[in-house]
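The file entry.cif comes next; it holds mmCIF, C-alpha atoms.
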data_structure
#
loop_
_atom_site.label_atom_id
_atom_site.label_comp_id
_atom_site.auth_asym_id
_atom_site.auth_seq_id
_atom_site.Cartn_x
_atom_site.Cartn_y
_atom_site.Cartn_z
CA MET C 176 11.54 -17.46 -44.53
CA ARG C 177 11.06 -20.23 -41.95
CA THR C 178 14.82 -20.16 -41.24
CA ARG C 179 14.67 -16.40 -40.49
CA VAL C 180 11.68 -16.95 -38.21
CA TRP C 181 13.49 -19.69 -36.33
CA SER C 182 16.59 -17.52 -36.03
CA SER C 183 14.43 -15.03 -34.18
CA VAL C 184 13.05 -17.83 -32.03
CA VAL C 185 16.57 -18.98 -31.16
CA ILE C 186 17.49 -15.43 -30.11
CA LEU C 187 14.43 -15.35 -27.86
CA TRP C 188 15.40 -18.74 -26.43
CA LEU C 189 18.89 -17.48 -25.64
CA LEU C 190 17.41 -14.43 -23.95
CA LEU C 191 15.19 -16.67 -21.85
CA LEU C 192 18.21 -18.80 -20.97
CA VAL C 193 20.00 -15.72 -19.67
CA LEU C 194 16.90 -14.65 -17.75
CA SER C 195 16.54 -18.14 -16.32
CA THR C 196 19.79 -17.75 -14.40
CA ILE C 197 18.39 -14.71 -12.62
CA VAL C 198 15.81 -15.01 -9.86
CA PRO C 199 13.30 -12.25 -10.62
CA ALA C 200 13.71 -9.34 -8.23
CA ALA C 201 10.04 -8.38 -8.19
CA GLU C 202 8.08 -9.91 -5.35
CA ASP C 203 4.47 -11.01 -5.59
CA GLU C 204 2.05 -8.30 -4.62
CA SER C 205 0.00 -9.37 -1.63
CA GLN C 206 -2.99 -7.17 -2.38
CA GLU C 207 -6.37 -8.84 -2.51
CA PRO C 208 -7.66 -9.22 -6.07
CA VAL C 209 -10.26 -6.60 -6.95
CA PRO C 210 -12.64 -7.72 -9.72
CA ALA C 211 -11.79 -6.00 -13.01
CA SER C 212 -14.10 -6.00 -16.00
CA ARG C 213 -11.26 -5.22 -18.44
CA LEU C 214 -8.15 -7.26 -17.67
CA VAL C 215 -4.97 -7.22 -19.75
CA VAL C 216 -2.48 -10.10 -19.36
CA LEU C 217 1.09 -10.18 -20.64
CA ASN C 218 1.67 -13.86 -19.90
CA TRP C 219 0.40 -16.81 -21.92
CA GLY C 220 -0.22 -18.92 -18.81
CA PHE C 221 -2.52 -16.20 -17.48
CA LEU C 222 -4.21 -15.93 -20.88
CA GLU C 223 -4.92 -19.65 -21.26
CA THR C 224 -6.26 -19.77 -17.70
CA LEU C 225 -8.72 -16.92 -18.23
CA ILE C 226 -9.92 -18.40 -21.53
CA ALA C 227 -10.35 -21.86 -19.99
CA MET C 228 -12.44 -20.33 -17.19
CA GLY C 229 -14.71 -18.65 -19.73
CA HIS C 230 -13.51 -15.14 -18.81
CA PRO C 231 -11.08 -14.06 -21.55
CA PRO C 232 -9.23 -10.78 -21.00
CA ALA C 233 -9.81 -7.61 -22.97
CA ALA C 234 -6.28 -7.82 -24.36
CA ALA C 235 -3.16 -9.95 -24.26
CA ALA C 236 0.33 -10.03 -25.77
CA ASN C 237 1.74 -11.72 -28.87
CA LEU C 238 -1.29 -13.74 -29.91
CA SER C 239 0.44 -15.14 -33.01
CA GLY C 240 3.14 -16.62 -30.76
CA TYR C 241 0.45 -18.01 -28.47
CA ARG C 242 -1.17 -19.81 -31.41
CA THR C 243 2.20 -21.41 -32.31
CA TRP C 244 3.52 -22.33 -28.88
CA VAL C 245 0.40 -22.75 -26.74
CA SER C 246 -2.21 -23.61 -29.36
CA GLU C 247 -5.13 -24.36 -27.02
CA PRO C 248 -7.46 -23.07 -25.73
CA ALA C 249 -8.13 -20.87 -28.76
CA VAL C 250 -8.10 -17.11 -28.29
CA PRO C 251 -11.51 -15.45 -28.89
CA GLU C 252 -11.58 -12.78 -31.59
CA SER C 253 -12.59 -10.22 -28.97
CA VAL C 254 -9.11 -10.29 -27.39
CA VAL C 255 -6.91 -7.41 -28.61
CA ASP C 256 -3.23 -8.10 -29.37
CA VAL C 257 -1.08 -5.43 -27.68
CA GLY C 258 2.27 -6.56 -29.04
CA LEU C 259 5.27 -8.18 -27.37
CA ARG C 260 5.01 -9.59 -23.86
CA ASN C 261 8.08 -7.74 -22.61
CA GLN C 262 7.47 -4.59 -24.69
CA PRO C 263 3.75 -4.10 -25.24
CA SER C 264 2.41 -1.15 -27.22
CA LEU C 265 1.55 1.57 -24.71
CA GLU C 266 -0.68 3.20 -27.31
CA LEU C 267 -2.71 0.04 -27.84
CA LEU C 268 -2.92 -0.53 -24.10
CA ALA C 269 -4.24 2.97 -23.59
CA ASP C 270 -6.86 2.36 -26.29
CA VAL C 271 -7.99 -0.80 -24.50
CA ALA C 272 -8.43 1.22 -21.28
CA PRO C 273 -7.89 -1.73 -18.89
CA ASP C 274 -8.91 -1.78 -15.24
CA ARG C 275 -5.93 -3.99 -14.34
CA ILE C 276 -2.79 -5.36 -16.03
CA LEU C 277 -1.26 -8.67 -14.92
CA LEU C 278 2.29 -9.69 -15.70
CA ALA C 279 4.95 -12.17 -14.60
CA PRO C 280 8.06 -11.26 -12.53
CA HIS C 281 10.60 -11.73 -15.34
CA ILE C 282 9.15 -8.72 -17.21
CA ALA C 283 8.43 -6.64 -14.12
CA SER C 284 10.82 -3.96 -15.43
CA VAL C 285 7.96 -2.62 -17.60
CA LYS C 286 5.66 -2.16 -14.59
CA PRO C 287 6.40 1.58 -14.06
CA GLN C 288 5.29 2.39 -17.62
CA LEU C 289 2.23 0.17 -17.35
CA ASP C 290 1.18 1.70 -14.03
CA ARG C 291 0.63 4.98 -15.89
CA ILE C 292 -2.09 3.26 -17.92
CA ALA C 293 -3.70 1.05 -15.28
CA PRO C 294 -2.84 -0.55 -11.91
CA THR C 295 -0.39 -3.34 -12.68
CA THR C 296 0.07 -6.50 -10.61
CA VAL C 297 3.01 -8.91 -10.73
CA MET C 298 1.92 -12.52 -10.25
CA ARG C 299 4.42 -15.30 -9.64
CA LEU C 300 3.96 -18.90 -10.75
CA PHE C 301 7.33 -20.63 -11.13
CA SER C 302 9.94 -20.72 -8.37
CA PRO C 303 13.04 -22.82 -7.69
CA ASP C 304 11.59 -24.52 -4.63
CA GLY C 305 8.48 -26.39 -3.57
CA ASP C 306 5.84 -28.36 -5.43
CA LEU C 307 4.58 -26.59 -8.55
CA TRP C 308 1.08 -28.09 -8.59
CA PRO C 309 -0.28 -26.16 -5.57
CA LYS C 310 1.06 -23.00 -7.19
CA LEU C 311 -0.87 -23.78 -10.37
CA VAL C 312 -4.03 -24.24 -8.32
CA SER C 313 -3.42 -21.04 -6.37
CA LEU C 314 -2.77 -19.04 -9.55
CA THR C 315 -6.01 -20.33 -11.07
CA ARG C 316 -8.03 -19.22 -8.07
CA ASP C 317 -6.30 -15.83 -7.99
CA MET C 318 -7.03 -15.31 -11.68
CA ALA C 319 -10.68 -16.18 -11.07
CA ALA C 320 -10.81 -13.66 -8.22
CA TRP C 321 -9.54 -10.92 -10.54
CA THR C 322 -12.45 -11.65 -12.89
CA GLY C 323 -14.97 -11.47 -10.05
CA ALA C 324 -15.99 -15.11 -10.60
CA PRO C 325 -14.12 -17.15 -7.96
CA SER C 326 -16.25 -20.22 -8.60
CA ALA C 327 -14.87 -20.36 -12.16
CA GLY C 328 -11.41 -21.04 -10.76
CA ASP C 329 -12.65 -23.87 -8.56
CA ARG C 330 -14.46 -25.41 -11.52
CA LEU C 331 -11.33 -25.30 -13.68
CA VAL C 332 -9.21 -26.89 -10.93
CA ARG C 333 -11.74 -29.70 -10.48
CA ARG C 334 -12.07 -30.22 -14.22
CA VAL C 335 -8.32 -30.48 -14.81
CA GLU C 336 -7.66 -32.73 -11.82
CA ALA C 337 -10.55 -35.02 -12.79
CA ARG C 338 -9.22 -35.23 -16.34
CA LEU C 339 -5.72 -36.15 -15.16
CA ALA C 340 -7.14 -38.78 -12.80
CA GLU C 341 -9.15 -40.23 -15.68
CA LEU C 342 -6.10 -40.34 -17.98
CA LYS C 343 -4.02 -41.94 -15.23
CA GLN C 344 -6.41 -44.90 -15.12
CA ARG C 345 -5.89 -45.54 -18.84
CA LEU C 346 -2.11 -45.74 -18.75
CA PRO C 347 -0.16 -48.99 -19.08
CA ASP C 348 1.52 -50.33 -15.96
CA ASP C 349 5.01 -50.55 -17.45
CA VAL C 350 5.72 -46.98 -18.60
CA PRO C 351 9.45 -46.16 -18.29
CA PRO C 352 10.64 -42.76 -17.06
CA LEU C 353 9.93 -40.06 -19.64
CA LEU C 354 12.70 -37.70 -20.74
CA VAL C 355 10.88 -34.62 -22.02
CA VAL C 356 12.86 -32.33 -24.33
CA GLN C 357 12.37 -29.49 -26.80
CA PHE C 358 14.90 -28.84 -29.56
CA MET C 359 16.73 -25.54 -29.92
CA ASP C 360 18.74 -26.84 -32.86
CA ASP C 361 19.89 -30.31 -33.95
CA ARG C 362 22.47 -30.49 -31.14
CA HIS C 363 20.88 -28.65 -28.21
CA VAL C 364 17.70 -29.17 -26.27
CA ARG C 365 15.81 -27.95 -23.30
CA VAL C 366 15.31 -30.94 -21.03
CA PHE C 367 12.55 -30.58 -18.46
CA GLY C 368 12.65 -31.76 -14.85
CA ASP C 369 12.09 -30.58 -11.28
CA HIS C 370 10.09 -27.38 -10.72
CA GLY C 371 8.65 -27.54 -14.24
CA LEU C 372 5.14 -27.98 -15.60
CA PHE C 373 5.84 -31.24 -17.44
CA ALA C 374 7.40 -33.01 -14.46
CA ALA C 375 4.58 -31.83 -12.18
CA THR C 376 2.01 -33.17 -14.63
CA LEU C 377 3.77 -36.51 -15.01
CA GLU C 378 3.80 -36.89 -11.23
CA ARG C 379 0.04 -36.23 -11.03
CA MET C 380 -0.43 -39.01 -13.58
CA GLY C 381 1.70 -41.48 -11.65
CA LEU C 382 4.50 -41.25 -14.23
CA ARG C 383 8.20 -40.54 -13.71
CA SER C 384 10.48 -37.86 -15.12
CA GLY C 385 13.66 -39.23 -16.68
CA TRP C 386 15.77 -36.15 -15.93
CA ARG C 387 17.64 -36.15 -12.62
CA GLY C 388 19.91 -33.23 -13.39
CA LYS C 389 19.61 -29.70 -12.08
CA THR C 390 17.00 -27.38 -13.53
CA ASN C 391 16.63 -23.62 -13.52
CA TYR C 392 13.91 -21.30 -12.27
CA TRP C 393 11.45 -22.56 -14.91
CA GLY C 394 12.21 -26.24 -14.52
CA PHE C 395 14.52 -26.97 -17.46
CA SER C 396 18.19 -27.32 -18.33
CA MET C 397 19.75 -26.33 -21.66
CA VAL C 398 22.06 -29.17 -22.67
CA GLY C 399 23.71 -30.80 -25.63
CA VAL C 400 22.08 -33.92 -27.07
CA GLU C 401 24.96 -35.99 -25.67
CA ALA C 402 23.72 -35.19 -22.15
CA LEU C 403 20.65 -37.30 -22.88
CA ALA C 404 22.91 -40.34 -23.11
CA ARG C 405 24.36 -39.56 -19.69
CA ALA C 406 20.83 -39.24 -18.30
CA ALA C 407 20.08 -42.78 -19.46
CA ASN C 408 23.31 -44.10 -17.93
CA LEU C 409 22.47 -42.55 -14.54
CA SER C 410 19.15 -44.37 -14.34
CA ASP C 411 18.36 -47.97 -13.50
CA GLU C 412 15.88 -47.93 -16.37
CA THR C 413 16.35 -46.38 -19.81
CA PRO C 414 14.00 -43.39 -20.13
CA ARG C 415 11.83 -42.90 -23.18
CA LEU C 416 12.28 -39.64 -25.07
CA VAL C 417 9.35 -37.24 -25.46
CA VAL C 418 9.99 -34.42 -27.94
CA VAL C 419 7.69 -31.42 -27.69
CA ARG C 420 7.13 -29.47 -30.89
CA PRO C 421 7.54 -27.04 -32.60
CA MET C 422 10.95 -28.01 -33.94
CA PRO C 423 13.34 -25.77 -35.88
CA PRO C 424 13.31 -26.35 -39.65
CA GLY C 425 15.54 -29.20 -40.78
CA VAL C 426 16.05 -30.77 -37.35
CA ARG C 427 13.92 -33.85 -38.02
CA ALA C 428 15.85 -34.55 -41.23
CA SER C 429 19.16 -33.98 -39.44
CA LEU C 430 18.27 -36.41 -36.66
CA LYS C 431 17.64 -39.18 -39.16
CA THR C 432 21.30 -39.07 -40.20
CA SER C 433 22.82 -38.13 -36.82
CA GLY C 434 24.97 -40.89 -35.38
CA LEU C 435 24.78 -39.25 -31.96
CA TRP C 436 20.98 -39.21 -31.97
CA GLN C 437 20.66 -42.70 -33.40
CA SER C 438 23.00 -44.11 -30.72
CA LEU C 439 21.13 -42.66 -27.74
CA PRO C 440 19.89 -45.49 -25.49
CA SER C 441 16.46 -43.85 -25.37
CA VAL C 442 16.30 -43.97 -29.19
CA THR C 443 17.68 -47.48 -29.68
CA GLU C 444 15.39 -49.00 -27.05
CA TYR C 445 12.18 -47.05 -27.73
CA ASP C 446 10.54 -45.06 -30.49
CA PRO C 447 10.68 -41.40 -29.38
CA ILE C 448 7.31 -39.73 -28.85
CA PHE C 449 6.75 -36.48 -30.77
CA LEU C 450 4.04 -34.25 -29.29
CA SER C 451 2.14 -31.30 -30.70
CA PRO C 452 3.09 -27.92 -29.18
CA VAL C 453 2.48 -27.47 -25.45
CA TRP C 454 3.52 -24.35 -23.51
CA SER C 455 6.09 -25.55 -21.01
CA PHE C 456 5.71 -22.37 -18.95
CA GLY C 457 1.93 -22.52 -18.81
CA ALA C 458 -0.67 -23.19 -16.15
CA LEU C 459 -3.42 -25.78 -15.65
CA PRO C 460 -4.73 -25.72 -19.26
CA SER C 461 -1.24 -26.53 -20.57
CA ALA C 462 -0.89 -29.25 -17.96
CA GLN C 463 -4.15 -30.81 -19.13
CA ARG C 464 -3.11 -30.57 -22.79
CA PHE C 465 0.26 -32.19 -22.06
CA ALA C 466 -1.41 -34.97 -20.06
CA GLY C 467 -3.84 -35.71 -22.86
CA LEU C 468 -1.12 -35.87 -25.50
CA ILE C 469 1.11 -38.08 -23.33
CA ALA C 470 -1.76 -40.46 -22.53
CA ALA C 471 -2.73 -40.71 -26.20
CA ALA C 472 0.87 -41.51 -27.20
CA LEU C 473 1.34 -44.13 -24.48
CA THR C 474 -1.95 -45.90 -25.15
CA ALA C 475 -1.55 -45.87 -28.95
CA PRO C 476 2.19 -46.53 -29.38
CA ASP C 477 1.90 -47.58 -33.02
CA GLN C 478 0.34 -44.35 -34.22
CA LYS C 479 2.18 -42.62 -37.06
CA GLU C 480 4.23 -39.57 -36.27
CA GLN C 481 3.40 -36.30 -38.00
CA SER C 482 6.27 -34.61 -39.78
CA ASP C 483 7.41 -31.06 -39.05
CA GLU C 484 9.26 -30.82 -42.34
#
What does this structure look like when you write it as C-alpha cells?
Amino acid sequence: MRTRVWSSVVILWLLLLVLSTIVPAAEDESQEPVPASRLVVLNWGFLETLIAMGHPPAAAANLSGYRTWVSEPAVPESVVDVGLRNQPSLELLADVAPDRILLAPHIASVKPQLDRIAPTTVMRLFSPDGDLWPKLVSLTRDMAAWTGAPSAGDRLVRRVEARLAELKQRLPDDVPPLLVVQFMDDRHVRVFGDHGLFAATLERMGLRSGWRGKTNYWGFSMVGVEALARAANLSDETPRLVVVRPMPPGVRASLKTSGLWQSLPSVTEYDPIFLSPVWSFGALPSAQRFAGLIAAALTAPDQKEQSDE
C-alpha cells in the first residue's frame, strides 16, 4: 500500500519537475486586497500563513497531503477540503460559497472555471530572481489584508523574525555549509539552493547553503546522489547533509548498504541530519519550522534519529 502511495507521489514530483522548467505565464494581479470573510486557498503556503495568523480560510485543497508534507500549523476542523490543488471540486467550492479564491501561478489554468464561482486572484511567491525573504514578508501582509486584519500579518512577521534571531544566537560557531536534500528514490534527490525557502532561512540564521549549483523557479535542482559528491568537491569545506522527510519506503534501508551513499564526503565526515517534514514551497510558518528543526539538530548533535521504516 505504501509503495502504491509513493508511486503516486513520484508521479506528482515528476509533474512538478516539468512545471519547474516553465516560468508561469500568469502575472500577479495588482488589485488591492478587499477583505473577504470566506476565503478559499489552493496553496499550502497560503493555508499555513492564514492559520498562523489566526484567520484560517473557509476551505483549502488536499488537507491530507498538507498533514503529511507541511504538518504544522494544524488545520482547524472548520476548514473544508475541496480536493486537489490543481483540480478542486467545483461542486464543493460552490457549496462553500467563497468571497474570494487565492491560488498560485503554476495552477492559474483553472482560474477561468474558478471565476464562475467567486473572484479568483493569482498570488506569486517564488521567482527565479531576487531575495526570497522580502517576498515572504510581502505575501504575509497581503494575506492579512485579504482577511481584513492587516495587523495580523505584521504580528506574524515580527514573531517569525524574532524566533529566527533567537535561534541564531543558540547556534554553534563552527557550523559547516548545509546541503539540504529530499529523496525522490534511493538514487535521486531534490537539492535546495538559491531562490528557495530553505536557503533563505539558513541565510537569516547566519548559516550557509552547501549547494552552489543552479536551481529552478522554486529553488531546487533534481540530481542524482552522485552530484552531492561533486558539490562537496567544489567547496573549500565539506558540507553537512540535511535530509528532509518524508522519505519513500525502503530508502533508509537502501542507503545503509549503498556504497555510493556511504562514500559521500558529507556522510563520511559528518552524521547526516534527518528532519521531520517541512514544506519546501511554503511561506513564513514553514521557514520558522525549518529553522527550529535545524537549530535543534545542530545544538543536540547526539540525538537519536527517528526511523521512517
Please report as CSV every residue of stretch 337-405 of chain C lying within 10 Å of stretch 306-315 of chain C, along with the nearest atom pair and their distance in Å (one decimal), using only C-alpha atoms.
residue,atom,partner,partner_atom,distance
C:Asp369,CA,C:Asp306,CA,8.8
C:His370,CA,C:Leu307,CA,6.0
C:Gly371,CA,C:Leu307,CA,7.1
C:Leu372,CA,C:Leu307,CA,7.2
C:Ala374,CA,C:Leu307,CA,9.2
C:Ala375,CA,C:Trp308,CA,6.3
C:Thr376,CA,C:Trp308,CA,7.9
C:Glu378,CA,C:Trp308,CA,9.6
C:Arg379,CA,C:Trp308,CA,8.6
C:Gly394,CA,C:Leu307,CA,9.7
Original post:
If the PyMOL selection byres ((chain C and resi 418-424) around 8) is run on the structure shown, which residues does it catch, given as a PyMOL selection string?
Top reply: chain C and resi 177-178+181+243-244+355-360+416-417+425-427+447-453+483-484
Based on the selection just made, write C-alpha atoms of those residues as a PDB file, keeping the file's coordinate frame.
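What ended up in out-v7.pdb:
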ATOM      1  CA  ARG C 177      11.060 -20.230 -41.950  1.00  0.00           C
ATOM      2  CA  THR C 178      14.820 -20.160 -41.240  1.00  0.00           C
ATOM      3  CA  TRP C 181      13.490 -19.690 -36.330  1.00  0.00           C
ATOM      4  CA  THR C 243       2.200 -21.410 -32.310  1.00  0.00           C
ATOM      5  CA  TRP C 244       3.520 -22.330 -28.880  1.00  0.00           C
ATOM      6  CA  VAL C 355      10.880 -34.620 -22.020  1.00  0.00           C
ATOM      7  CA  VAL C 356      12.860 -32.330 -24.330  1.00  0.00           C
ATOM      8  CA  GLN C 357      12.370 -29.490 -26.800  1.00  0.00           C
ATOM      9  CA  PHE C 358      14.900 -28.840 -29.560  1.00  0.00           C
ATOM     10  CA  MET C 359      16.730 -25.540 -29.920  1.00  0.00           C
ATOM     11  CA  ASP C 360      18.740 -26.840 -32.860  1.00  0.00           C
ATOM     12  CA  LEU C 416      12.280 -39.640 -25.070  1.00  0.00           C
ATOM     13  CA  VAL C 417       9.350 -37.240 -25.460  1.00  0.00           C
ATOM     14  CA  GLY C 425      15.540 -29.200 -40.780  1.00  0.00           C
ATOM     15  CA  VAL C 426      16.050 -30.770 -37.350  1.00  0.00           C
ATOM     16  CA  ARG C 427      13.920 -33.850 -38.020  1.00  0.00           C
ATOM     17  CA  PRO C 447      10.680 -41.400 -29.380  1.00  0.00           C
ATOM     18  CA  ILE C 448       7.310 -39.730 -28.850  1.00  0.00           C
ATOM     19  CA  PHE C 449       6.750 -36.480 -30.770  1.00  0.00           C
ATOM     20  CA  LEU C 450       4.040 -34.250 -29.290  1.00  0.00           C
ATOM     21  CA  SER C 451       2.140 -31.300 -30.700  1.00  0.00           C
ATOM     22  CA  PRO C 452       3.090 -27.920 -29.180  1.00  0.00           C
ATOM     23  CA  VAL C 453       2.480 -27.470 -25.450  1.00  0.00           C
ATOM     24  CA  ASP C 483       7.410 -31.060 -39.050  1.00  0.00           C
ATOM     25  CA  GLU C 484       9.260 -30.820 -42.340  1.00  0.00           C
TER      26      GLU C 484
END
Stretch 454-460 of chain C, all listed atoms, 8 Å padding on each side: what axis-aligned box centre and edge lengths in Å to one decimal come out, as JSON?
{"center_x": 0.7, "center_y": -24.1, "center_z": -19.6, "size_x": 26.8, "size_y": 19.4, "size_z": 23.9}
Original post:
Could you list as a PyMOL selection string every residue that has an atom within 6 Å of (6.8, -12.0, -11.9), using the file's coordinates and counting all atoms listed in the file?
Top reply: chain C and resi 279-281+297-299
Original post:
Could you state the separation of atom CA of C:Arg316 and atom CA of C:Pro210 in Å, given to one decimal place?
Top reply: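 Atom CA of C:Pro210 lies at a distance of 12.5 Å from atom CA of C:Arg316.
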**OP:** Could you please determine the separation between atom CA of C:Leu346 and atom CA of C:Pro414 in Å, to one decimal place?
**Re:**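 These atoms are spaced 16.3 Å apart.
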Subject >> Explicit residues for the PyMOL selection byres ((chain C and resi 464) around 12) (as a VMD selection string) >> reply: chain C and resid 223 227 245 to 248 335 338 to 339 342 372 to 373 376 to 377 419 450 to 455 457 to 463 465 to 471
Please, could you write that set of residues out with C-alpha atoms as a PDB file, in the coordinates of the input?
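Generated output (result.pdb):
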ATOM      1  CA  GLU C 223      -4.920 -19.650 -21.260  1.00  0.00           C
ATOM      2  CA  ALA C 227     -10.350 -21.860 -19.990  1.00  0.00           C
ATOM      3  CA  VAL C 245       0.400 -22.750 -26.740  1.00  0.00           C
ATOM      4  CA  SER C 246      -2.210 -23.610 -29.360  1.00  0.00           C
ATOM      5  CA  GLU C 247      -5.130 -24.360 -27.020  1.00  0.00           C
ATOM      6  CA  PRO C 248      -7.460 -23.070 -25.730  1.00  0.00           C
ATOM      7  CA  VAL C 335      -8.320 -30.480 -14.810  1.00  0.00           C
ATOM      8  CA  ARG C 338      -9.220 -35.230 -16.340  1.00  0.00           C
ATOM      9  CA  LEU C 339      -5.720 -36.150 -15.160  1.00  0.00           C
ATOM     10  CA  LEU C 342      -6.100 -40.340 -17.980  1.00  0.00           C
ATOM     11  CA  LEU C 372       5.140 -27.980 -15.600  1.00  0.00           C
ATOM     12  CA  PHE C 373       5.840 -31.240 -17.440  1.00  0.00           C
ATOM     13  CA  THR C 376       2.010 -33.170 -14.630  1.00  0.00           C
ATOM     14  CA  LEU C 377       3.770 -36.510 -15.010  1.00  0.00           C
ATOM     15  CA  VAL C 419       7.690 -31.420 -27.690  1.00  0.00           C
ATOM     16  CA  LEU C 450       4.040 -34.250 -29.290  1.00  0.00           C
ATOM     17  CA  SER C 451       2.140 -31.300 -30.700  1.00  0.00           C
ATOM     18  CA  PRO C 452       3.090 -27.920 -29.180  1.00  0.00           C
ATOM     19  CA  VAL C 453       2.480 -27.470 -25.450  1.00  0.00           C
ATOM     20  CA  TRP C 454       3.520 -24.350 -23.510  1.00  0.00           C
ATOM     21  CA  SER C 455       6.090 -25.550 -21.010  1.00  0.00           C
ATOM     22  CA  GLY C 457       1.930 -22.520 -18.810  1.00  0.00           C
ATOM     23  CA  ALA C 458      -0.670 -23.190 -16.150  1.00  0.00           C
ATOM     24  CA  LEU C 459      -3.420 -25.780 -15.650  1.00  0.00           C
ATOM     25  CA  PRO C 460      -4.730 -25.720 -19.260  1.00  0.00           C
ATOM     26  CA  SER C 461      -1.240 -26.530 -20.570  1.00  0.00           C
ATOM     27  CA  ALA C 462      -0.890 -29.250 -17.960  1.00  0.00           C
ATOM     28  CA  GLN C 463      -4.150 -30.810 -19.130  1.00  0.00           C
ATOM     29  CA  PHE C 465       0.260 -32.190 -22.060  1.00  0.00           C
ATOM     30  CA  ALA C 466      -1.410 -34.970 -20.060  1.00  0.00           C
ATOM     31  CA  GLY C 467      -3.840 -35.710 -22.860  1.00  0.00           C
ATOM     32  CA  LEU C 468      -1.120 -35.870 -25.500  1.00  0.00           C
ATOM     33  CA  ILE C 469       1.110 -38.080 -23.330  1.00  0.00           C
ATOM     34  CA  ALA C 470      -1.760 -40.460 -22.530  1.00  0.00           C
ATOM     35  CA  ALA C 471      -2.730 -40.710 -26.200  1.00  0.00           C
TER      36      ALA C 471
END
Subject >> Pick from C:Ala472, C:Leu265, C:Leu222, C:Val350 nearest to C:Lys286, counting only C-alpha atoms >> reply: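 Answer, going by the shortest atom-to-atom distance: C:Leu265.
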Original post:
Which of these, C:Val250, C:Val255, C:Ala320, C:Ala404, has the shortest distance to C:Ser212 once you count only C-alpha atoms?
Top reply: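 Ranking C:Val250, C:Val255, C:Ala320, C:Ala404 by distance to C:Ser212, first place goes to C:Ala320.
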**OP:** Quote the spacing between atom CA of C:Val442 and atom CA of C:Leu354 in Å to one decimal place.
**Re:**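 For atom CA of C:Val442 relative to atom CA of C:Leu354, the distance reads 11.1 Å.
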Subject >> Residues returned when the PyMOL selection byres ((chain C and resi 252) around 12) runs on this file, as a list in words >> reply: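 Applied to this file, the PyMOL selection byres ((chain C and resi 252) around 12) selects Ile226, Pro231, Pro232, Ala233, Ala234, Ala235, Leu238, Ala249, Val250, Pro251, Ser253, Val254, Val255 and Asp256 of chain C.
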**OP:** Excluding C:Leu217 and any residue of its chain fewer than 6 positions from it, enumerate the residues within 9 Å of it, using all atoms listed in the file, and give them as number ranges by chain.
**Re:** C: 234-237, 257, 259-261, 263, 276-279, 282
Resulting file, chosen residues, C-alpha atoms, as a compact mmCIF listing (two decimals), keeping the file's coordinate frame:
# COMPACT_ATOMS: atom_id res chain seq x y z
CA ALA C 234 -6.28 -7.82 -24.36
CA ALA C 235 -3.16 -9.95 -24.26
CA ALA C 236 0.33 -10.03 -25.77
CA ASN C 237 1.74 -11.72 -28.87
CA VAL C 257 -1.08 -5.43 -27.68
CA LEU C 259 5.27 -8.18 -27.37
CA ARG C 260 5.01 -9.59 -23.86
CA ASN C 261 8.08 -7.74 -22.61
CA PRO C 263 3.75 -4.10 -25.24
CA ILE C 276 -2.79 -5.36 -16.03
CA LEU C 277 -1.26 -8.67 -14.92
CA LEU C 278 2.29 -9.69 -15.70
CA ALA C 279 4.95 -12.17 -14.60
CA ILE C 282 9.15 -8.72 -17.21
Original post:
With all atoms listed in the file as the basis for distance, which of C:Leu473, C:Met318, C:Leu353, C:Ala337 is at the shortest distance from C:Thr224?
Top reply: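 Checking each candidate against C:Thr224, we get C:Met318 as the closest.
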Original post:
Could you name the residues that touch C:His230 at 9 Å or less, counting all atoms listed in the file, but leaving out those on the same chain fewer than 6 positions away, as a list in words?
Top reply: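 The filter keeps Thr224, Ala319, Thr322, Ala324 and Ala327 of chain C.
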**OP:** Counting only C-alpha atoms, figure out which residue out of C:Ser433, C:Ala272, C:Arg362, C:Arg291 gets nearest to C:Ala402.
**Re:**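 Of all the options, C:Arg362 lies closest to C:Ala402.
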